[in-house]
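Undergrad: Here you go, my_file_33.cif (mmCIF, C-alpha atoms and all ligand atoms):
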data_run
loop_
_atom_site.label_atom_id
_atom_site.label_comp_id
_atom_site.auth_asym_id
_atom_site.auth_seq_id
_atom_site.Cartn_x
_atom_site.Cartn_y
_atom_site.Cartn_z
CA MET A 52 -44.24 124.77 -47.67
CA GLN A 53 -42.27 121.92 -49.30
CA ALA A 54 -42.02 120.18 -45.94
CA ILE A 55 -45.80 120.37 -45.54
CA ALA A 56 -46.33 118.92 -49.03
CA GLN A 57 -43.90 116.10 -48.23
CA LEU A 58 -45.62 115.38 -44.93
CA ARG A 59 -48.99 115.31 -46.70
CA ARG A 60 -47.59 112.82 -49.24
CA MET A 61 -46.22 110.56 -46.50
CA LEU A 62 -49.52 110.60 -44.63
CA THR A 63 -51.43 109.76 -47.82
CA GLU A 64 -49.07 106.86 -48.56
CA SER A 65 -49.54 105.45 -45.07
CA ARG A 66 -53.32 105.46 -45.70
CA LYS A 67 -52.94 103.98 -49.19
CA SER A 68 -54.33 100.54 -48.41
CA LEU A 69 -57.39 102.12 -46.78
CA TYR A 70 -57.98 104.35 -49.82
CA ASP A 71 -57.52 101.31 -52.11
CA ARG A 72 -60.20 99.34 -50.24
CA ILE A 73 -62.53 102.34 -50.28
CA ASN A 74 -62.07 102.96 -54.00
CA ARG A 75 -62.63 99.26 -54.80
CA LEU A 76 -65.89 99.27 -52.84
CA LYS A 77 -67.00 102.52 -54.48
CA LYS A 78 -66.70 100.90 -57.89
CA GLU A 79 -68.25 97.58 -56.86
CA LYS A 80 -71.26 99.26 -55.22
CA ASN A 81 -71.66 102.21 -57.63
CA VAL A 82 -71.10 104.97 -55.06
CA VAL A 83 -70.20 108.64 -55.52
CA VAL A 84 -68.35 110.28 -52.60
CA LEU A 85 -69.26 113.92 -51.92
CA ALA A 86 -67.11 115.81 -49.40
CA HIS A 87 -67.60 119.22 -47.81
CA TYR A 88 -64.69 121.69 -47.50
CA TYR A 89 -64.85 121.24 -43.70
CA MET A 90 -63.82 117.58 -43.88
CA SER A 91 -60.42 116.63 -42.48
CA PRO A 92 -57.68 116.86 -45.16
CA GLU A 93 -57.65 113.10 -45.75
CA LEU A 94 -61.36 113.09 -46.59
CA GLN A 95 -60.98 116.17 -48.83
CA LEU A 96 -58.40 114.39 -50.97
CA SER A 97 -59.71 113.54 -54.46
CA THR A 98 -59.27 110.20 -56.23
CA ALA A 99 -56.90 111.98 -58.67
CA GLU A 100 -54.74 113.01 -55.68
CA GLY A 101 -54.66 109.48 -54.26
CA GLY A 102 -57.66 109.97 -51.98
CA CYS A 103 -61.31 108.95 -52.44
CA ALA A 104 -63.48 112.10 -52.84
CA ASP A 105 -65.26 112.47 -56.18
CA PHE A 106 -66.42 116.03 -55.47
CA LEU A 107 -65.28 118.56 -52.90
CA GLY A 108 -67.60 121.51 -52.44
CA ASP A 109 -69.72 123.86 -50.37
CA SER A 110 -73.27 123.00 -49.37
CA LEU A 111 -74.76 124.36 -52.61
CA GLY A 112 -72.19 122.68 -54.87
CA LEU A 113 -72.71 119.33 -53.15
CA SER A 114 -76.52 119.58 -53.38
CA LEU A 115 -76.18 120.20 -57.14
CA GLU A 116 -73.83 117.21 -57.49
CA ALA A 117 -76.27 115.03 -55.54
CA GLN A 118 -79.04 116.13 -57.89
CA LYS A 119 -77.19 115.28 -61.09
CA THR A 120 -75.19 112.16 -60.16
CA ASN A 121 -75.76 108.94 -62.10
CA ALA A 122 -74.41 106.81 -59.26
CA GLU A 123 -76.88 104.50 -57.53
CA ASN A 124 -75.59 105.43 -54.06
CA ILE A 125 -74.38 108.72 -52.55
CA MET A 126 -71.83 108.71 -49.71
CA PHE A 127 -72.08 112.12 -48.05
CA CYS A 128 -69.04 113.25 -46.04
CA GLY A 129 -70.52 116.28 -44.30
CA VAL A 130 -73.22 116.73 -41.68
CA ARG A 131 -76.66 115.18 -41.49
CA PHE A 132 -78.73 118.12 -42.79
CA MET A 133 -76.55 118.12 -45.92
CA ALA A 134 -77.05 114.39 -46.49
CA GLU A 135 -80.80 114.84 -45.94
CA THR A 136 -80.76 117.55 -48.63
CA ALA A 137 -79.02 115.11 -50.99
CA LEU A 138 -81.88 112.64 -50.42
CA ILE A 139 -84.49 115.38 -50.89
CA VAL A 140 -83.08 116.29 -54.31
CA SER A 141 -82.40 112.65 -55.31
CA PRO A 142 -85.11 110.58 -53.60
CA ASP A 143 -84.55 107.63 -55.94
CA LYS A 144 -80.96 107.18 -54.66
CA LYS A 145 -79.71 105.67 -51.44
CA VAL A 146 -77.81 108.22 -49.32
CA PHE A 147 -75.20 107.10 -46.78
CA MET A 148 -72.86 108.84 -44.36
CA PRO A 149 -69.75 107.71 -42.48
CA ASP A 150 -71.60 108.89 -39.33
CA VAL A 151 -75.32 109.67 -39.49
CA SER A 152 -75.26 111.30 -36.04
CA SER A 153 -73.18 114.29 -37.18
CA GLY A 154 -75.36 117.25 -36.20
CA CYS A 155 -75.13 121.04 -36.40
CA SER A 156 -75.87 123.64 -33.72
CA LEU A 157 -77.83 125.71 -36.26
CA ALA A 158 -79.98 122.85 -37.55
CA SER A 159 -80.88 121.80 -34.00
CA SER A 160 -81.81 125.37 -32.98
CA ILE A 161 -85.14 125.35 -34.86
CA SER A 162 -88.02 122.94 -35.45
CA ALA A 163 -90.98 122.71 -37.83
CA LYS A 164 -93.22 123.88 -34.97
CA ASP A 165 -91.12 127.02 -34.55
CA ILE A 166 -91.72 127.94 -38.20
CA ILE A 167 -95.47 127.42 -37.79
CA GLU A 168 -95.39 129.76 -34.74
CA LEU A 169 -93.35 132.38 -36.65
CA ARG A 170 -95.93 132.37 -39.44
CA LYS A 171 -98.67 133.04 -36.85
CA LYS A 172 -96.64 135.91 -35.39
CA TYR A 173 -95.81 137.47 -38.77
CA PRO A 174 -98.69 136.54 -41.08
CA GLY A 175 -98.03 136.84 -44.79
CA LEU A 176 -94.24 137.22 -44.57
CA PRO A 177 -92.10 134.79 -46.61
CA VAL A 178 -89.88 132.41 -44.65
CA MET A 179 -86.41 131.88 -46.06
CA GLY A 180 -84.50 129.11 -44.29
CA TYR A 181 -80.82 128.34 -44.36
CA ILE A 182 -79.90 124.90 -45.70
CA ASN A 183 -78.56 124.25 -42.16
CA THR A 184 -82.00 122.97 -41.04
CA TYR A 185 -83.43 119.44 -40.79
CA ALA A 186 -85.86 118.11 -43.39
CA GLU A 187 -88.95 118.50 -41.15
CA THR A 188 -88.11 122.20 -40.73
CA LYS A 189 -87.41 122.61 -44.45
CA ALA A 190 -90.87 121.21 -45.16
CA GLU A 191 -92.37 124.36 -43.56
CA LEU A 192 -90.23 126.92 -45.47
CA ASP A 193 -91.14 129.02 -48.50
CA ILE A 194 -87.63 128.86 -49.85
CA CYS A 195 -84.30 127.50 -48.76
CA CYS A 196 -80.89 129.17 -49.29
CA THR A 197 -77.22 128.44 -48.77
CA SER A 198 -74.46 130.86 -47.86
CA ARG A 199 -73.73 131.26 -51.60
CA ASN A 200 -77.18 132.28 -52.86
CA ALA A 201 -78.83 133.88 -49.78
CA VAL A 202 -78.46 137.47 -51.03
CA SER A 203 -79.88 136.85 -54.50
CA ILE A 204 -82.74 134.75 -53.11
CA ALA A 205 -83.71 137.46 -50.61
CA GLY A 206 -83.62 139.96 -53.49
CA SER A 207 -85.96 137.77 -55.55
CA LEU A 208 -88.70 137.51 -52.90
CA ASP A 209 -91.74 139.69 -53.38
CA SER A 210 -91.69 141.32 -49.93
CA ASP A 211 -89.76 144.10 -48.18
CA LYS A 212 -89.65 142.04 -44.99
CA ILE A 213 -88.47 138.44 -44.88
CA ILE A 214 -88.20 135.99 -42.00
CA PHE A 215 -84.72 134.44 -42.09
CA VAL A 216 -83.92 131.38 -39.91
CA PRO A 217 -82.06 130.12 -37.99
CA ASP A 218 -78.67 131.92 -37.89
CA ILE A 219 -78.87 135.27 -36.08
CA PHE A 220 -75.28 136.23 -36.97
CA MET A 221 -75.56 135.31 -40.63
CA GLY A 222 -78.84 137.24 -40.50
CA GLN A 223 -77.08 140.34 -39.11
CA ASN A 224 -74.53 140.24 -41.94
CA LEU A 225 -77.14 139.50 -44.60
CA LYS A 226 -79.33 142.29 -43.24
CA GLU A 227 -76.58 144.80 -44.01
CA ALA A 228 -75.98 143.43 -47.50
CA ILE A 229 -79.69 143.16 -48.32
CA SER A 230 -80.69 146.56 -46.97
CA LYS A 231 -77.96 148.21 -49.09
CA LYS A 232 -78.69 146.22 -52.24
CA TYR A 233 -82.48 145.80 -52.14
CA ASN A 234 -83.71 148.04 -49.32
CA LYS A 235 -85.24 145.00 -47.59
CA ASP A 236 -85.28 143.96 -43.94
CA LEU A 237 -84.96 140.58 -42.20
CA ILE A 238 -86.67 139.22 -39.08
CA LEU A 239 -84.21 136.90 -37.35
CA TRP A 240 -84.20 133.72 -35.24
CA ASN A 241 -81.75 133.15 -32.41
CA GLY A 242 -79.61 130.24 -33.69
CA THR A 243 -75.82 130.34 -33.92
CA CYS A 244 -73.04 128.25 -35.40
CA GLU A 245 -70.89 127.08 -32.51
CA VAL A 246 -67.75 127.38 -34.67
CA HIS A 247 -68.22 130.79 -36.30
CA GLU A 248 -69.73 132.48 -33.22
CA GLN A 249 -66.30 132.17 -31.61
CA PHE A 250 -64.79 134.81 -33.90
CA ARG A 251 -65.22 137.82 -31.62
CA ASN A 252 -63.41 141.17 -31.99
CA GLU A 253 -62.28 141.04 -28.34
CA THR A 254 -60.54 137.68 -28.67
CA MET A 255 -59.54 137.33 -32.32
CA ASN A 256 -56.06 138.88 -32.08
CA VAL A 257 -55.68 139.07 -35.86
CA SER A 258 -52.14 140.39 -36.42
CA ASP A 259 -50.06 143.54 -36.08
CA ASP A 260 -49.50 143.38 -39.81
CA ALA A 261 -51.89 145.89 -41.41
CA ASP A 262 -51.67 144.09 -44.77
CA VAL A 263 -53.43 140.97 -43.51
CA GLU A 264 -56.81 140.60 -45.24
CA MET A 265 -59.89 139.10 -43.56
CA LEU A 266 -61.79 136.02 -44.74
CA MET A 267 -65.04 135.78 -42.76
CA HIS A 268 -67.96 133.41 -43.29
CA TRP A 269 -71.46 134.98 -43.11
CA GLU A 270 -71.92 133.04 -39.84
CA VAL A 271 -69.48 135.21 -37.81
CA PRO A 272 -71.12 137.80 -35.53
CA GLY A 273 -72.31 140.94 -37.34
CA ASP A 274 -70.16 143.30 -35.26
CA THR A 275 -67.06 141.20 -35.97
CA ALA A 276 -67.55 141.61 -39.72
CA ARG A 277 -68.44 145.30 -39.42
CA GLU A 278 -65.48 146.22 -37.18
CA GLN A 279 -62.89 144.15 -39.06
CA LEU A 280 -63.88 145.56 -42.43
CA LYS A 281 -63.50 149.09 -41.02
CA ILE A 282 -59.81 148.47 -40.31
CA ARG A 283 -58.80 145.90 -42.95
CA LYS A 284 -59.60 144.78 -46.44
CA GLY A 285 -61.41 141.48 -46.76
CA VAL A 286 -64.66 139.69 -47.34
CA VAL A 287 -67.68 138.51 -45.39
CA GLY A 288 -69.65 135.94 -47.36
CA SER A 289 -69.97 132.32 -48.32
CA THR A 290 -67.28 129.64 -48.54
CA GLY A 291 -67.34 130.22 -52.31
CA ASP A 292 -66.88 134.00 -51.79
CA ILE A 293 -63.87 133.29 -49.54
CA LEU A 294 -62.23 130.99 -52.13
CA ASN A 295 -62.83 133.54 -54.92
CA TYR A 296 -61.63 136.45 -52.85
CA VAL A 297 -58.25 134.81 -52.17
CA LYS A 298 -57.86 133.81 -55.82
CA ASN A 299 -58.40 137.40 -56.96
CA SER A 300 -56.50 139.24 -54.21
CA ASN A 301 -52.88 140.38 -54.49
CA ALA A 302 -52.44 140.15 -50.72
CA LYS A 303 -50.00 137.55 -49.37
CA LYS A 304 -51.44 137.06 -45.89
CA PHE A 305 -55.00 136.30 -44.81
CA TYR A 306 -56.81 135.66 -41.54
CA LEU A 307 -59.32 132.83 -41.89
CA ALA A 308 -62.40 133.40 -39.69
CA SER A 309 -64.08 130.15 -40.69
CA GLU A 310 -63.71 126.41 -40.15
CA CYS A 311 -60.04 125.44 -39.87
CA ASP A 312 -59.96 122.76 -42.57
CA LEU A 313 -61.20 125.14 -45.26
CA GLY A 314 -57.59 126.35 -44.90
CA GLU A 315 -56.49 123.08 -46.55
CA SER A 316 -58.20 123.94 -49.85
CA LEU A 317 -57.05 127.55 -49.63
CA LYS A 318 -53.42 126.46 -49.15
CA LYS A 319 -53.59 123.90 -51.95
CA SER A 320 -54.75 126.38 -54.56
CA ASN A 321 -52.73 129.36 -53.24
CA ALA A 322 -49.32 127.95 -52.37
CA ASP A 323 -47.71 131.42 -52.42
CA LYS A 324 -50.11 132.83 -49.80
CA GLU A 325 -50.17 132.50 -46.03
CA PHE A 326 -53.22 131.80 -43.88
CA ILE A 327 -53.49 132.61 -40.19
CA THR A 328 -56.29 130.96 -38.22
CA PRO A 329 -56.99 129.98 -34.62
CA CYS A 330 -57.98 126.64 -36.18
CA ILE A 331 -61.45 126.11 -34.77
CA LYS A 332 -62.86 122.80 -36.01
CA CYS A 333 -66.50 121.79 -36.35
CA PRO A 334 -66.86 118.76 -34.05
CA TYR A 335 -69.79 117.43 -36.11
CA MET A 336 -67.93 117.53 -39.42
CA LYS A 337 -65.00 115.79 -37.73
CA GLN A 338 -67.19 112.84 -36.70
CA ASN A 339 -66.53 111.61 -40.25
CA THR A 340 -63.36 109.56 -40.62
CA LEU A 341 -61.83 107.34 -43.30
CA GLU A 342 -62.38 104.26 -41.12
CA LYS A 343 -66.09 105.05 -40.68
CA LEU A 344 -66.36 105.76 -44.41
CA LEU A 345 -64.99 102.28 -45.12
CA ALA A 346 -67.42 100.68 -42.64
CA SER A 347 -70.33 102.57 -44.21
CA LEU A 348 -69.35 101.43 -47.72
CA GLU A 349 -69.00 97.84 -46.53
CA SER A 350 -72.53 97.95 -45.11
CA ILE A 351 -74.20 98.91 -48.42
CA GLY A 352 -76.41 96.08 -49.64
CA THR A 353 -76.03 94.14 -46.37
CA ASP A 354 -78.38 93.91 -43.39
CA THR A 355 -76.36 96.56 -41.48
CA GLU A 356 -76.78 99.33 -44.08
CA ASP A 357 -79.56 101.03 -42.05
CA GLN A 358 -76.91 102.08 -39.51
CA TYR A 359 -75.32 104.34 -42.14
CA ARG A 360 -78.27 105.21 -44.34
CA ILE A 361 -80.28 108.46 -44.30
CA THR A 362 -84.02 107.89 -44.54
CA LEU A 363 -86.91 110.37 -44.41
CA ASP A 364 -90.69 110.02 -44.56
CA ALA A 365 -91.97 110.27 -48.14
CA HIS A 366 -94.34 113.13 -47.29
CA ILE A 367 -91.51 115.14 -45.68
CA ILE A 368 -89.36 114.64 -48.81
CA GLU A 369 -92.26 115.76 -50.97
CA ARG A 370 -92.84 118.95 -48.96
CA ALA A 371 -89.17 119.79 -48.35
CA ARG A 372 -88.42 119.39 -52.08
CA ILE A 373 -90.41 122.53 -52.87
CA PRO A 374 -88.18 125.09 -51.02
CA VAL A 375 -85.01 123.14 -51.86
CA LEU A 376 -85.66 122.91 -55.61
CA LYS A 377 -86.55 126.63 -55.65
CA MET A 378 -83.16 127.30 -54.03
CA LEU A 379 -81.25 125.25 -56.61
CA GLN A 380 -82.39 127.61 -59.35
CA PHE A 381 -80.09 130.24 -57.77
CA ASN A 382 -76.55 129.03 -58.29
P1 LIG B 1 -71.39 126.54 -46.88
O1 LIG B 1 -72.78 126.81 -47.37
O2 LIG B 1 -70.52 127.72 -47.08
O3 LIG B 1 -70.87 125.28 -47.42
O4 LIG B 1 -71.44 126.44 -45.29
C1 LIG B 1 -72.06 125.40 -44.62
C2 LIG B 1 -71.78 125.46 -43.19
O5 LIG B 1 -72.19 124.62 -42.43
C3 LIG B 1 -71.01 126.60 -42.70
O6 LIG B 1 -70.77 126.49 -41.36
FE1 LIG B 2 -73.15 123.63 -38.27
FE2 LIG B 2 -71.30 125.44 -37.71
FE3 LIG B 2 -70.58 122.93 -38.04
FE4 LIG B 2 -71.39 124.41 -40.15
S1 LIG B 2 -69.57 124.71 -38.90
S2 LIG B 2 -72.01 122.30 -39.67
S3 LIG B 2 -72.96 125.66 -39.18
S4 LIG B 2 -71.90 123.72 -36.40
#
How would this structure read if it were set down as C-alpha cells?
Ligand code: 13P
Ligand code: SF4
TA:
Amino acid sequence: MQAIAQLRRMLTESRKSLYDRINRLKKEKNVVVLAHYYMSPELQLSTAEGGCADFLGDSLGLSLEAQKTNAENIMFCGVRFMAETALIVSPDKKVFMPDVSSGCSLASSISAKDIIELRKKYPGLPVMGYINTYAETKAELDICCTSRNAVSIAGSLDSDKIIFVPDIFMGQNLKEAISKKYNKDLILWNGTCEVHEQFRNETMNVSDDADVEMLMHWEVPGDTAREQLKIRKGVVGSTGDILNYVKNSNAKKFYLASECDLGESLKKSNADKEFITPCIKCPYMKQNTLEKLLASLESIGTDTEDQYRITLDAHIIERARIPVLKMLQFN
C-alpha cells in the first residue's frame, strides 16, 4: 500500500508543471473543474492533493455543483450527457469539456422520437429517464433520475406503472427494489451500459474467499445482482451507495463490479481494505486527459473555444430543464 502511495506521489510530481499551468488558467479564466469518479486517477486528484479537480462526484453530485457554482465557466471532466446537464441547470454559464465527443452507450441507445413512440404505445404512463440521455431526449421526459435517486423518484410518481429508459439492466434491478418497496412496476427500454453489462455470473470469477463482499452498480445485469446477493453480502445500487457501503462495512475484501477507476476513490478513503476488480474502464470517460483539459482551458475566450464548448438550442434547454430540475429536488 505504501509503495502504491509513493508511486502515486511520483506520478503527480512528474505532472506538476502541467497541473500548475492548468491551475493558473483556471484562476485567470474563472473556471471550476468538476470530475466524475470514473475519471483516470490524475483527473480525480483535487487541488488540495496537488491535482486540479475542484469537485469529485457522481452524476447527481456534479449536477448539483454545476447548479450552485459561482464560477463563470464550468470544465466538465465526464461524458457529454453530464456536461449537457450542467448547461441545462446553469444556462447562463459556459460549459466546456476536455473532449466533447465523449459519448455513452446508454445515452446513444434512445432518441427523443423513441420517447414520443413509447408515449403512444403506453398512453398516460409517466416516463422516467436516466440522466444518461442526451438533452433532446431529456426534453421529452416527465422526470429525470440518477442512480442515486431513482428509487425515491419512482416512489414519488403517481402511477403503479412507470416507463423507465434507457437501461434495461438498471431497470431489472430497480424493478426488484421498487416492487418490494412501493409495489410498482416498470416498463423497460433495451439500452445497456457497455461497461457494466460485462459483469456476468458465468465470467466474473469473484473469489474462493467467502468473506468477499460485492459492490455492484445498478447497471449490472439483474441476474448478476440477484445471484451474487444470494451467495454473498454486498450491495447493488448507485456509486454513492457503493461508497457508503464500504465505509460502513467491517469486511476487509470487496469485489468491485463497476468502473475500474471508482476503485481509486475507494482505496483512498479505505486504505485498510482490499478491492478486487477485473478493471473494466469506460472508453468514453477515458477520452478525457490532462493534456486535453489544458488545451480546452487555453481555448476559453479565444476563437477556438467552440471546439471544446457544449452548446444546446435554447428551446431544448428550456424543455429539458423541467425533468432535470424536478430530479434535483431528490438528493
Ligand atoms: P452515477 O450516477 O453513479 O454517477 O453513474 C453514472 C454512470 O455513467 C454510471 O455508469
Ligand atoms: Fe455510459 Fe457506461 Fe460509460 Fe457510464 S460507464 S458513461 S453508462 S458507457
Undergrad: Please determine, counting all atoms listed in the file, which residue among A:Gly285, A:Pro149, A:Pro217, A:Pro374 has the shortest atom-to-atom distance to ligand LIG 2 (chain B).
TA: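 Nearest candidate to ligand LIG 2 (chain B) out of A:Gly285, A:Pro149, A:Pro217, A:Pro374: A:Pro217.
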Undergrad: Need the neighbours of (-77.0, 126.5, -34.7): which residues are at most 9 Å away, counting only C-alpha atoms, as a ChimeraX atom specification?
TA: /A:155-161,183-184,217-218,241-245
Undergrad: Could you please take those selected residues and save C-alpha atoms as a PDB file, in the frame of the given file?
TA:
ATOM      1  CA  CYS A 155     -75.130 121.040 -36.400  1.00  0.00           C
ATOM      2  CA  SER A 156     -75.870 123.640 -33.720  1.00  0.00           C
ATOM      3  CA  LEU A 157     -77.830 125.710 -36.260  1.00  0.00           C
ATOM      4  CA  ALA A 158     -79.980 122.850 -37.550  1.00  0.00           C
ATOM      5  CA  SER A 159     -80.880 121.800 -34.000  1.00  0.00           C
ATOM      6  CA  SER A 160     -81.810 125.370 -32.980  1.00  0.00           C
ATOM      7  CA  ILE A 161     -85.140 125.350 -34.860  1.00  0.00           C
ATOM      8  CA  ASN A 183     -78.560 124.250 -42.160  1.00  0.00           C
ATOM      9  CA  THR A 184     -82.000 122.970 -41.040  1.00  0.00           C
ATOM     10  CA  PRO A 217     -82.060 130.120 -37.990  1.00  0.00           C
ATOM     11  CA  ASP A 218     -78.670 131.920 -37.890  1.00  0.00           C
ATOM     12  CA  ASN A 241     -81.750 133.150 -32.410  1.00  0.00           C
ATOM     13  CA  GLY A 242     -79.610 130.240 -33.690  1.00  0.00           C
ATOM     14  CA  THR A 243     -75.820 130.340 -33.920  1.00  0.00           C
ATOM     15  CA  CYS A 244     -73.040 128.250 -35.400  1.00  0.00           C
ATOM     16  CA  GLU A 245     -70.890 127.080 -32.510  1.00  0.00           C
TER      17      GLU A 245
END
Undergrad: Would you name the residues within 7 Å of ligand LIG 1 (chain B), counting all atoms listed in the file, and put them as a list in words?
TA: His87, Asp109, Ser110, Leu111, Asn183, Thr197, Ser198, Arg199, Cys244, Glu270, Ser289, Thr290 and Gly291 of chain A
Undergrad: Which residue, A:Leu85, A:Ile327, A:Ala137, A:Leu113, has the smallest gap to Ala186 in chain A when you use all atoms listed in the file?
TA: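 Checking each of A:Leu85, A:Ile327, A:Ala137, A:Leu113 against Ala186 in chain A, counting all atoms listed in the file, the winner is A:Ala137.
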Undergrad: What's around Asp211 in chain A at 10 Å? Count only C-alpha atoms, leave out sequence neighbours fewer than 4 positions away in its own chain, and write the answer as a list of chain:residue names.
TA: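 The filter keeps A:Leu176, A:Pro177, A:Ala205, A:Gly206, A:Ser230, A:Tyr233, A:Asn234, A:Lys235, A:Asp236, A:Leu237.
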Undergrad: Can you measure CA of Leu376 in chain A to CA of Lys145 in chain A for me? One decimal in Å is fine.
TA: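 CA of Leu376 in chain A sits 18.7 Å away from CA of Lys145 in chain A.
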Undergrad: Which is closest to Ser258 in chain A among A:Lys189, A:Pro329, A:Ala228, A:Glu310, if we use all atoms listed in the file?
TA: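 Ranking A:Lys189, A:Pro329, A:Ala228, A:Glu310 by distance to Ser258 in chain A, first place goes to A:Pro329.
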Undergrad: In Å, with one decimal, what is the gap from CA of Leu313 in chain A to CA of Pro272 in chain A?
TA: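 Atom-to-atom, CA of Leu313 in chain A and CA of Pro272 in chain A are spaced 18.8 Å apart.
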Undergrad: Determine, counting only C-alpha atoms, every residue of protein, DNA or RNA that lies within 9 Å of (-63.8, 126.9, -41.4) in the file coordinates, then give the result as a PDB file with C-alpha atoms, in the frame of the given file.
TA:
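Once everything was written out, this is part-v9.pdb:
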ATOM      1  CA  TYR A  88     -64.690 121.690 -47.500  1.00  0.00           C
ATOM      2  CA  TYR A  89     -64.850 121.240 -43.700  1.00  0.00           C
ATOM      3  CA  VAL A 246     -67.750 127.380 -34.670  1.00  0.00           C
ATOM      4  CA  HIS A 247     -68.220 130.790 -36.300  1.00  0.00           C
ATOM      5  CA  HIS A 268     -67.960 133.410 -43.290  1.00  0.00           C
ATOM      6  CA  THR A 290     -67.280 129.640 -48.540  1.00  0.00           C
ATOM      7  CA  LEU A 307     -59.320 132.830 -41.890  1.00  0.00           C
ATOM      8  CA  ALA A 308     -62.400 133.400 -39.690  1.00  0.00           C
ATOM      9  CA  SER A 309     -64.080 130.150 -40.690  1.00  0.00           C
ATOM     10  CA  GLU A 310     -63.710 126.410 -40.150  1.00  0.00           C
ATOM     11  CA  CYS A 311     -60.040 125.440 -39.870  1.00  0.00           C
ATOM     12  CA  ASP A 312     -59.960 122.760 -42.570  1.00  0.00           C
ATOM     13  CA  LEU A 313     -61.200 125.140 -45.260  1.00  0.00           C
ATOM     14  CA  GLY A 314     -57.590 126.350 -44.900  1.00  0.00           C
ATOM     15  CA  CYS A 330     -57.980 126.640 -36.180  1.00  0.00           C
ATOM     16  CA  ILE A 331     -61.450 126.110 -34.770  1.00  0.00           C
ATOM     17  CA  LYS A 332     -62.860 122.800 -36.010  1.00  0.00           C
ATOM     18  CA  CYS A 333     -66.500 121.790 -36.350  1.00  0.00           C
TER      19      CYS A 333
END
